[in-house]
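Source file query_2.pdb; content: PDB, C-alpha atoms.
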ATOM      1  CA  MET A   1     105.555 141.690  84.037
ATOM      2  CA  ALA A   2     107.890 138.759  83.439
ATOM      3  CA  LEU A   3     107.471 135.421  85.140
ATOM      4  CA  LEU A   4     110.857 134.071  86.182
ATOM      5  CA  ILE A   5     111.154 130.325  86.676
ATOM      6  CA  ALA A   6     114.067 129.190  88.803
ATOM      7  CA  PRO A   7     116.490 127.085  86.723
ATOM      8  CA  HIS A   8     116.492 123.385  87.474
ATOM      9  CA  PRO A   9     119.708 121.489  86.688
ATOM     10  CA  PRO A  10     119.501 117.863  85.566
ATOM     11  CA  LEU A  11     119.253 115.478  88.472
ATOM     12  CA  LEU A  12     121.544 112.795  87.072
ATOM     13  CA  GLY A  13     125.192 113.411  87.856
ATOM     14  CA  MET A  14     124.444 116.575  89.838
ATOM     15  CA  PHE A  15     123.198 116.511  93.407
ATOM     16  CA  THR A  16     122.937 120.203  94.156
ATOM     17  CA  SER A  17     120.153 122.636  94.946
ATOM     18  CA  PRO A  18     118.505 124.483  92.040
ATOM     19  CA  GLY A  19     117.962 127.399  94.431
ATOM     20  CA  PRO A  20     115.357 128.375  97.022
ATOM     21  CA  LEU A  21     112.795 129.840  94.592
ATOM     22  CA  VAL A  22     110.082 127.931  92.748
ATOM     23  CA  PHE A  23     109.235 131.061  90.759
ATOM     24  CA  GLN A  24     109.200 134.830  91.056
ATOM     25  CA  LEU A  25     106.611 137.188  89.584
ATOM     26  CA  GLY A  26     107.759 140.761  90.113
ATOM     27  CA  PRO A  27     107.928 141.345  93.887
ATOM     28  CA  LEU A  28     106.047 138.106  94.570
ATOM     29  CA  SER A  29     107.937 134.858  94.976
ATOM     30  CA  LEU A  30     107.220 131.302  96.020
ATOM     31  CA  ARG A  31     109.958 129.519  97.914
ATOM     32  CA  TRP A  32     110.454 125.783  97.999
ATOM     33  CA  TYR A  33     110.725 125.804 101.803
ATOM     34  CA  GLY A  34     107.326 127.428 102.214
ATOM     35  CA  LEU A  35     105.748 125.162  99.602
ATOM     36  CA  LEU A  36     107.157 122.051 101.261
ATOM     37  CA  ILE A  37     106.067 123.126 104.749
ATOM     38  CA  ALA A  38     102.545 123.850 103.491
ATOM     39  CA  THR A  39     102.462 120.453 101.762
ATOM     40  CA  ALA A  40     103.724 118.729 104.906
ATOM     41  CA  VAL A  41     101.041 120.402 107.049
ATOM     42  CA  LEU A  42      98.248 119.469 104.615
ATOM     43  CA  LEU A  43      99.310 115.845 104.159
ATOM     44  CA  GLY A  44      99.985 115.505 107.882
ATOM     45  CA  LEU A  45      96.512 116.787 108.668
ATOM     46  CA  LEU A  46      94.896 114.315 106.265
ATOM     47  CA  LEU A  47      96.896 111.430 107.725
ATOM     48  CA  ALA A  48      96.112 112.371 111.329
ATOM     49  CA  MET A  49      92.401 112.733 110.539
ATOM     50  CA  ARG A  50      92.362 109.313 108.880
ATOM     51  CA  LEU A  51      94.149 107.642 111.797
ATOM     52  CA  GLY A  52      91.973 109.496 114.280
ATOM     53  CA  ARG A  53      88.831 108.244 112.595
ATOM     54  CA  ARG A  54      90.087 104.673 113.025
ATOM     55  CA  ARG A  55      90.648 105.372 116.733
ATOM     56  CA  GLY A  56      87.209 106.898 117.192
ATOM     57  CA  ILE A  57      88.490 110.483 117.341
ATOM     58  CA  ASP A  58      86.395 113.114 115.594
ATOM     59  CA  PRO A  59      88.390 114.378 112.562
ATOM     60  CA  ASN A  60      87.035 117.875 113.208
ATOM     61  CA  LEU A  61      88.756 117.795 116.588
ATOM     62  CA  ILE A  62      92.086 117.318 114.820
ATOM     63  CA  ALA A  63      91.321 119.970 112.201
ATOM     64  CA  ASP A  64      90.453 122.476 114.942
ATOM     65  CA  LEU A  65      93.755 121.729 116.666
ATOM     66  CA  LEU A  66      95.827 122.489 113.562
ATOM     67  CA  PRO A  67      96.138 126.309 113.853
ATOM     68  CA  LEU A  68      97.079 126.094 117.543
ATOM     69  CA  LEU A  69      99.488 123.249 116.863
ATOM     70  CA  VAL A  70     101.257 125.097 114.034
ATOM     71  CA  ALA A  71     101.469 128.300 116.079
ATOM     72  CA  GLY A  72     102.876 126.438 119.092
ATOM     73  CA  ALA A  73     105.419 124.603 116.931
ATOM     74  CA  VAL A  74     106.626 127.789 115.204
ATOM     75  CA  ILE A  75     106.913 129.749 118.456
ATOM     76  CA  GLY A  76     108.662 126.856 120.185
ATOM     77  CA  ALA A  77     111.068 126.291 117.295
ATOM     78  CA  ARG A  78     112.070 129.967 117.156
ATOM     79  CA  THR A  79     112.301 130.442 120.926
ATOM     80  CA  TYR A  80     114.498 127.363 121.294
ATOM     81  CA  TYR A  81     116.845 128.567 118.550
ATOM     82  CA  VAL A  82     117.120 132.127 119.854
ATOM     83  CA  ALA A  83     117.722 130.908 123.412
ATOM     84  CA  LEU A  84     120.745 128.900 122.263
ATOM     85  CA  GLU A  85     121.991 131.455 119.737
ATOM     86  CA  TRP A  86     121.354 134.512 121.910
ATOM     87  CA  ARG A  87     124.747 136.033 121.093
ATOM     88  CA  GLN A  88     123.526 136.673 117.532
ATOM     89  CA  TYR A  89     120.778 138.947 118.848
ATOM     90  CA  GLN A  90     122.608 140.924 121.517
ATOM     91  CA  GLY A  91     121.916 144.612 121.013
ATOM     92  CA  HIS A  92     119.225 143.985 118.395
ATOM     93  CA  TRP A  93     116.705 141.703 120.067
ATOM     94  CA  LEU A  94     113.895 142.648 117.686
ATOM     95  CA  ASP A  95     115.706 140.583 115.049
ATOM     96  CA  ALA A  96     114.696 137.539 117.089
ATOM     97  CA  LEU A  97     111.191 138.054 115.705
ATOM     98  CA  ALA A  98     112.407 137.912 112.074
ATOM     99  CA  ILE A  99     111.715 134.214 111.627
ATOM    100  CA  TRP A 100     111.618 134.607 107.835
ATOM    101  CA  ARG A 101     115.394 135.078 107.966
ATOM    102  CA  GLY A 102     115.815 131.521 109.218
ATOM    103  CA  GLY A 103     116.689 130.018 112.557
ATOM    104  CA  ILE A 104     114.336 127.354 113.905
ATOM    105  CA  ALA A 105     114.923 124.059 115.719
ATOM    106  CA  ILE A 106     112.874 120.864 115.436
ATOM    107  CA  HIS A 107     113.175 120.023 119.134
ATOM    108  CA  GLY A 108     111.720 123.424 119.972
ATOM    109  CA  ALA A 109     108.897 122.722 117.539
ATOM    110  CA  LEU A 110     108.173 119.391 119.245
ATOM    111  CA  ILE A 111     108.122 121.056 122.672
ATOM    112  CA  GLY A 112     105.914 123.940 121.511
ATOM    113  CA  GLY A 113     103.565 121.669 119.591
ATOM    114  CA  SER A 114     103.221 119.324 122.566
ATOM    115  CA  LEU A 115     102.405 122.195 124.929
ATOM    116  CA  ALA A 116      99.818 123.493 122.460
ATOM    117  CA  THR A 117      98.254 120.030 122.305
ATOM    118  CA  VAL A 118      98.121 119.814 126.120
ATOM    119  CA  LEU A 119      96.329 123.177 126.307
ATOM    120  CA  TYR A 120      93.936 122.173 123.538
ATOM    121  CA  CYS A 121      93.109 118.878 125.241
ATOM    122  CA  ARG A 122      92.437 120.719 128.510
ATOM    123  CA  TRP A 123      90.158 123.139 126.706
ATOM    124  CA  ARG A 124      88.268 120.457 124.773
ATOM    125  CA  ARG A 125      88.480 117.936 127.632
ATOM    126  CA  GLN A 126      90.141 115.265 125.496
ATOM    127  CA  PRO A 127      92.688 112.600 126.521
ATOM    128  CA  PHE A 128      96.148 113.854 125.611
ATOM    129  CA  TRP A 129      97.952 110.604 124.814
ATOM    130  CA  ALA A 130      95.190 109.189 122.616
ATOM    131  CA  LEU A 131      95.268 112.337 120.497
ATOM    132  CA  LEU A 132      99.065 112.514 120.419
ATOM    133  CA  ASP A 133      99.279 108.920 119.182
ATOM    134  CA  VAL A 134      97.442 109.809 115.963
ATOM    135  CA  LEU A 135      99.512 112.981 115.540
ATOM    136  CA  VAL A 136     103.025 111.509 115.729
ATOM    137  CA  PRO A 137     102.839 109.611 112.395
ATOM    138  CA  ALA A 138     101.794 112.903 110.786
ATOM    139  CA  VAL A 139     104.757 114.617 112.479
ATOM    140  CA  ALA A 140     107.156 112.011 111.063
ATOM    141  CA  LEU A 141     105.660 112.509 107.598
ATOM    142  CA  GLY A 142     105.955 116.282 107.925
ATOM    143  CA  GLN A 143     109.586 116.010 109.004
ATOM    144  CA  ALA A 144     110.419 113.774 106.037
ATOM    145  CA  ILE A 145     108.917 116.309 103.619
ATOM    146  CA  GLY A 146     110.104 119.461 105.368
ATOM    147  CA  ARG A 147     113.752 118.391 105.426
ATOM    148  CA  TRP A 148     113.867 118.880 101.657
ATOM    149  CA  GLY A 149     113.494 122.589 102.316
ATOM    150  CA  ASN A 150     117.061 122.418 103.675
ATOM    151  CA  PHE A 151     118.152 120.975 100.333
ATOM    152  CA  PHE A 152     116.732 123.860  98.322
ATOM    153  CA  ASN A 153     118.233 126.368 100.783
ATOM    154  CA  SER A 154     121.638 124.617 100.711
ATOM    155  CA  GLU A 155     121.678 124.337 104.503
ATOM    156  CA  ALA A 156     121.776 121.712 107.262
ATOM    157  CA  PHE A 157     124.456 119.700 105.468
ATOM    158  CA  GLY A 158     127.229 117.642 107.008
ATOM    159  CA  LEU A 159     130.967 117.147 106.889
ATOM    160  CA  PRO A 160     132.859 117.090 103.571
ATOM    161  CA  THR A 161     132.669 113.759 101.753
ATOM    162  CA  ASP A 162     133.411 112.122  98.389
ATOM    163  CA  LEU A 163     130.697 109.478  98.677
ATOM    164  CA  PRO A 164     128.656 108.857  95.494
ATOM    165  CA  TRP A 165     125.637 110.624  97.011
ATOM    166  CA  LYS A 166     127.647 113.713  98.009
ATOM    167  CA  LEU A 167     125.920 117.079  97.955
ATOM    168  CA  THR A 168     127.467 120.084  96.177
ATOM    169  CA  ILE A 169     127.173 123.273  98.242
ATOM    170  CA  PRO A 170     127.728 126.789  96.792
ATOM    171  CA  ILE A 171     130.736 128.529  98.292
ATOM    172  CA  GLN A 172     128.590 131.277  99.849
ATOM    173  CA  ASN A 173     126.776 128.645 101.930
ATOM    174  CA  ARG A 174     129.884 126.866 103.225
ATOM    175  CA  PRO A 175     131.317 127.426 106.715
ATOM    176  CA  VAL A 176     134.536 129.409 106.658
ATOM    177  CA  GLU A 177     136.393 126.341 107.917
ATOM    178  CA  PHE A 178     135.428 124.446 104.748
ATOM    179  CA  LEU A 179     135.548 127.005 101.946
ATOM    180  CA  ASP A 180     137.866 124.739  99.943
ATOM    181  CA  ALA A 181     135.523 121.755 100.160
ATOM    182  CA  GLU A 182     132.833 121.443  97.479
ATOM    183  CA  THR A 183     130.843 118.353  98.429
ATOM    184  CA  PHE A 184     129.314 117.420 101.769
ATOM    185  CA  HIS A 185     127.159 114.791 103.474
ATOM    186  CA  PRO A 186     123.469 115.408 102.593
ATOM    187  CA  THR A 187     122.319 115.138 106.194
ATOM    188  CA  PHE A 188     118.908 116.532 105.239
ATOM    189  CA  LEU A 189     118.493 113.427 103.038
ATOM    190  CA  TYR A 190     119.612 111.084 105.802
ATOM    191  CA  GLU A 191     117.053 112.563 108.183
ATOM    192  CA  SER A 192     114.296 112.592 105.562
ATOM    193  CA  LEU A 193     114.827 108.902 104.793
ATOM    194  CA  TRP A 194     115.117 108.078 108.497
ATOM    195  CA  ASN A 195     111.806 109.815 109.173
ATOM    196  CA  LEU A 196     110.157 107.848 106.374
ATOM    197  CA  GLY A 197     111.372 104.721 108.143
ATOM    198  CA  VAL A 198     109.947 106.008 111.436
ATOM    199  CA  LEU A 199     106.639 106.674 109.673
ATOM    200  CA  ALA A 200     106.586 103.136 108.241
ATOM    201  CA  LEU A 201     107.276 101.712 111.714
ATOM    202  CA  LEU A 202     104.504 103.748 113.351
ATOM    203  CA  LEU A 203     101.953 102.853 110.666
ATOM    204  CA  THR A 204     102.896  99.171 110.883
ATOM    205  CA  LEU A 205     102.351  99.196 114.648
ATOM    206  CA  PHE A 206      99.118 101.151 114.273
ATOM    207  CA  ARG A 207      97.795  98.681 111.693
ATOM    208  CA  ALA A 208      98.774  95.686 113.828
ATOM    209  CA  ALA A 209      96.947  97.180 116.813
ATOM    210  CA  SER A 210      93.873  97.917 114.692
ATOM    211  CA  ARG A 211      93.764  94.261 113.643
ATOM    212  CA  GLY A 212      94.117  93.024 117.223
ATOM    213  CA  ARG A 213      97.623  91.624 116.741
ATOM    214  CA  LEU A 214      99.233  94.057 119.164
ATOM    215  CA  GLN A 215      98.241  95.938 122.276
ATOM    216  CA  LEU A 216      99.014  99.655 121.996
ATOM    217  CA  PRO A 217      97.895 101.457 125.147
ATOM    218  CA  ALA A 218      97.499 105.218 124.943
ATOM    219  CA  GLY A 219     100.909 106.860 124.674
ATOM    220  CA  ALA A 220     102.800 103.804 123.431
ATOM    221  CA  LEU A 221     103.011 105.026 119.844
ATOM    222  CA  SER A 222     104.231 108.425 121.031
ATOM    223  CA  CYS A 223     106.969 106.745 123.064
ATOM    224  CA  VAL A 224     108.040 104.695 120.051
ATOM    225  CA  TYR A 225     108.146 107.862 117.942
ATOM    226  CA  VAL A 226     110.418 109.834 120.283
ATOM    227  CA  MET A 227     112.773 106.871 120.634
ATOM    228  CA  ALA A 228     112.900 106.076 116.920
ATOM    229  CA  TYR A 229     113.270 109.660 115.722
ATOM    230  CA  SER A 230     115.823 110.538 118.391
ATOM    231  CA  SER A 231     117.945 107.474 117.604
ATOM    232  CA  GLY A 232     118.365 108.744 114.059
ATOM    233  CA  ARG A 233     118.922 112.350 115.029
ATOM    234  CA  LEU A 234     121.623 111.239 117.452
ATOM    235  CA  TRP A 235     123.991 109.946 114.748
ATOM    236  CA  ILE A 236     122.961 112.372 112.001
ATOM    237  CA  GLU A 237     123.658 115.348 114.272
ATOM    238  CA  ALA A 238     127.259 114.163 114.668
ATOM    239  CA  LEU A 239     127.786 114.868 110.944
ATOM    240  CA  ARG A 240     126.230 118.333 110.805
ATOM    241  CA  LEU A 241     128.234 121.542 110.587
ATOM    242  CA  ASP A 242     125.530 123.864 111.937
ATOM    243  CA  PRO A 243     124.719 122.416 115.371
ATOM    244  CA  LEU A 244     123.175 124.371 118.209
ATOM    245  CA  CYS A 245     125.855 124.231 120.883
ATOM    246  CA  LEU A 246     125.716 124.532 124.648
ATOM    247  CA  LEU A 247     128.717 126.341 126.196
ATOM    248  CA  SER A 248     130.634 126.228 122.904
ATOM    249  CA  ASP A 249     130.493 127.271 119.242
ATOM    250  CA  PRO A 250     129.795 125.488 115.945
ATOM    251  CA  PRO A 251     130.792 123.735 113.782
ATOM    252  CA  PHE A 252     132.279 121.218 116.248
ATOM    253  CA  CYS A 253     130.986 122.406 119.672
ATOM    254  CA  GLU A 254     134.462 121.895 121.085
ATOM    255  CA  GLY A 255     134.446 121.895 124.867
ATOM    256  CA  GLY A 256     130.646 121.877 124.974
ATOM    257  CA  LEU A 257     127.646 119.837 123.908
ATOM    258  CA  ARG A 258     125.554 119.462 120.797
ATOM    259  CA  MET A 259     122.091 120.248 122.110
ATOM    260  CA  ALA A 260     120.288 118.031 119.607
ATOM    261  CA  GLN A 261     122.285 115.021 120.774
ATOM    262  CA  LEU A 262     121.703 115.812 124.439
ATOM    263  CA  VAL A 263     117.953 116.262 123.902
ATOM    264  CA  SER A 264     117.826 113.101 121.779
ATOM    265  CA  LEU A 265     119.397 111.068 124.577
ATOM    266  CA  LEU A 266     116.890 112.485 127.063
ATOM    267  CA  LEU A 267     113.986 111.677 124.723
ATOM    268  CA  ILE A 268     115.222 108.117 124.167
ATOM    269  CA  ALA A 269     115.375 107.665 127.932
ATOM    270  CA  ALA A 270     111.919 109.217 128.404
ATOM    271  CA  GLY A 271     110.408 107.048 125.670
ATOM    272  CA  GLY A 272     111.968 103.910 127.124
ATOM    273  CA  LEU A 273     110.702 104.817 130.584
ATOM    274  CA  GLY A 274     107.218 105.366 129.159
ATOM    275  CA  LEU A 275     107.175 101.951 127.474
ATOM    276  CA  TRP A 276     108.424 100.307 130.668
ATOM    277  CA  TRP A 277     105.617 102.037 132.584
ATOM    278  CA  LEU A 278     102.992 100.899 130.084
ATOM    279  CA  TYR A 279     104.148  97.338 129.505
ATOM    280  CA  GLY A 280     106.379  96.520 132.478
ATOM    281  CA  GLN A 281     104.184  98.083 135.146
ATOM    282  CA  ARG A 282     100.938  97.778 133.139
ATOM    283  CA  ARG A 283      99.867 101.260 134.181
ATOM    284  CA  GLU A 284      98.537 104.222 132.214
ATOM    285  CA  LEU A 285     100.707 107.228 131.513
ATOM    286  CA  PRO A 286      99.683 110.321 133.503
ATOM    287  CA  ASP A 287      97.354 112.398 131.330
ATOM    288  CA  LEU A 288      98.964 115.822 131.103
ATOM    289  CA  SER A 289      95.719 117.385 129.948
ATOM    290  CA  LEU A 290      93.890 116.600 133.197
ATOM    291  CA  ARG A 291      93.832 118.932 136.151
ATOM    292  CA  SER A 292      94.652 117.504 139.561
ATOM    293  CA  GLY A 293      91.874 115.217 140.772
ATOM    294  CA  GLU A 294      89.975 115.375 137.484
ATOM    295  CA  PRO A 295      88.750 111.966 136.173
ATOM    296  CA  ASN A 296      89.586 110.696 132.680
ATOM    297  CA  PRO A 297      87.101 111.954 130.052
TER     298      PRO A 297
END
What does this structure look like when you write it as structure tokens?
Amino acid sequence: MALLIAPHPPLLGMFTSPGPLVFQLGPLSLRWYGLLIATAVLLGLLLAMRLGRRRGIDPNLIADLLPLLVAGAVIGARTYYVALEWRQYQGHWLDALAIWRGGIAIHGALIGGSLATVLYCRWRRQPFWALLDVLVPAVALGQAIGRWGNFFNSEAFGLPTDLPWKLTIPIQNRPVEFLDAETFHPTFLYESLWNLGVLALLLTLFRAASRGRLQLPAGALSCVYVMAYSSGRLWIEALRLDPLCLLSDPPFCEGGLRMAQLVSLLLIAAGGLGLWWLYGQRRELPDLSLRSGEPNP
């Protein structure tokens, strides 16, 4: 049985995907997207456990959360996508379960993962914001790594461009409106680099707080994350040709809204309100994991 290795073109002078496969052995194949997601989950877990230990959170608590967190993120990401692209599934709704065919959304993953964390904290009687604060740097790291899956799949790219860092897209992956264009904005790269910057910011703040140079009440780091990530997604989304649209159709969402931009604006506002509550009003954020009348653990 032959082992087929996916060809890898030279990197210099050619910014284009070598294809989605790492290798294929008969009917078995390993895809770059799956490998990158698995790597992101593993490295994110190690980072969150390390940060949690420095905040006095049992690393086993974070490890136990992982399966629920991943499940919540996947379900949320798929549900969000299908809800906005429901016309694709009319008459064949079972296809909505075929997640391996693609179609997930990061904002849905954030919503699903957050809900899973709330339920876990209620079950284990743990403070939600303290746990979320050590998770968000891991999320930023995972996003930075996972975006490269879009590169190997030749997806999530932006408008045509002739910039030196332009990305070559195969004709079968181009929108019909741009079949004559060969090179596009590598928006996956923009978001990956932006998320690395968000990660650096979060770790810098975390380190400063650990050394007593900065006060970071529970939830502050989470608020900074949603504001920082959303600020980047806001402008990057304007370049993309595959947006999820509300009351309109891609690639330009004419007459409607780009959902990622709308959600990003709401998250920026929510994060700013949270920071104002923590620092302006000097009050704790409501703990979503507590039942009504239940004291803090």
- Task: Step by step: start from the point (107.9, 104.2, 124.8) in the file's coordinates, keep every protein, DNA or RNA residue that has an atom no farther than 10 Å from it, count only C-alpha atoms, and write the set as a list in words.
- Result: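 Here the neighbourhood of the point contains Gly219, Ala220, Leu221, Ser222, Cys223, Val224, Tyr225, Val226, Met227, Ala228, Leu267, Ile268, Ala269, Ala270, Gly271, Gly272, Leu273, Gly274, Leu275, Trp276, Trp277, Leu278 and Tyr279 of chain A.
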- Atomic separation - atom CA of Gly146 of chain A relative to atom CA of Leu35 of chain A, Å: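 These atoms are spaced 9.2 Å apart.
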- Query: So, counting only C-alpha atoms, which residue among A:Glu254, A:Asp249, A:Glu85, A:Glu191 is closest to Arg233 of chain A?
  - Reply: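 Checking each candidate against Arg233 of chain A, we get A:Glu191 as the closest.
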- Pairwise distance for atom CA of Leu36 of chain A and atom CA of Ile145 of chain A, rounded to one decimal in Å: 6.5 Å
- Item | Nearest residue to Gly112 of chain A from the set A:Leu68, A:Asn150, A:Phe23, A:Asp133 (distances using all atoms listed in the file) |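 Of the candidates, the smallest distance to Gly112 of chain A is held by A:Leu68.
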- Message: At a cut-off of 12 Å around the point (106.3, 119.0, 119.7) (file coordinates), what residues fall inside when counting all atoms listed in the file? I'd like the answer as a PyMOL selection string.
- Response: chain A and resi 68-77+80+105-118+132+135-136+138-140+143+222+225-226+267
- Å distance separating atom CA of His92 of chain A from atom CA of Ile104 of chain A, one decimal place: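 Distance reported for this atom pair: 17.9 Å.
Comparing A:Leu141, A:Val176, A:Leu216, A:Ile57 by their smallest distance to Leu196 of chain A, the closest is A:Leu141 (using all atoms listed in the file).
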- Given only C-alpha atoms as the counted atoms, nearest of A:Ala98, A:Leu241, A:Ala200, A:Cys121 to Glu177 of chain A: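 Ranking A:Ala98, A:Leu241, A:Ala200, A:Cys121 by distance to Glu177 of chain A, first place goes to A:Leu241.
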- Task: Give me the result of the PyMOL selection byres ((chain A and resi 158) around 9) on this file, residue by residue, as a ChimeraX atom specification.
- Result: /A:156-157,159-161,184-188,236-242
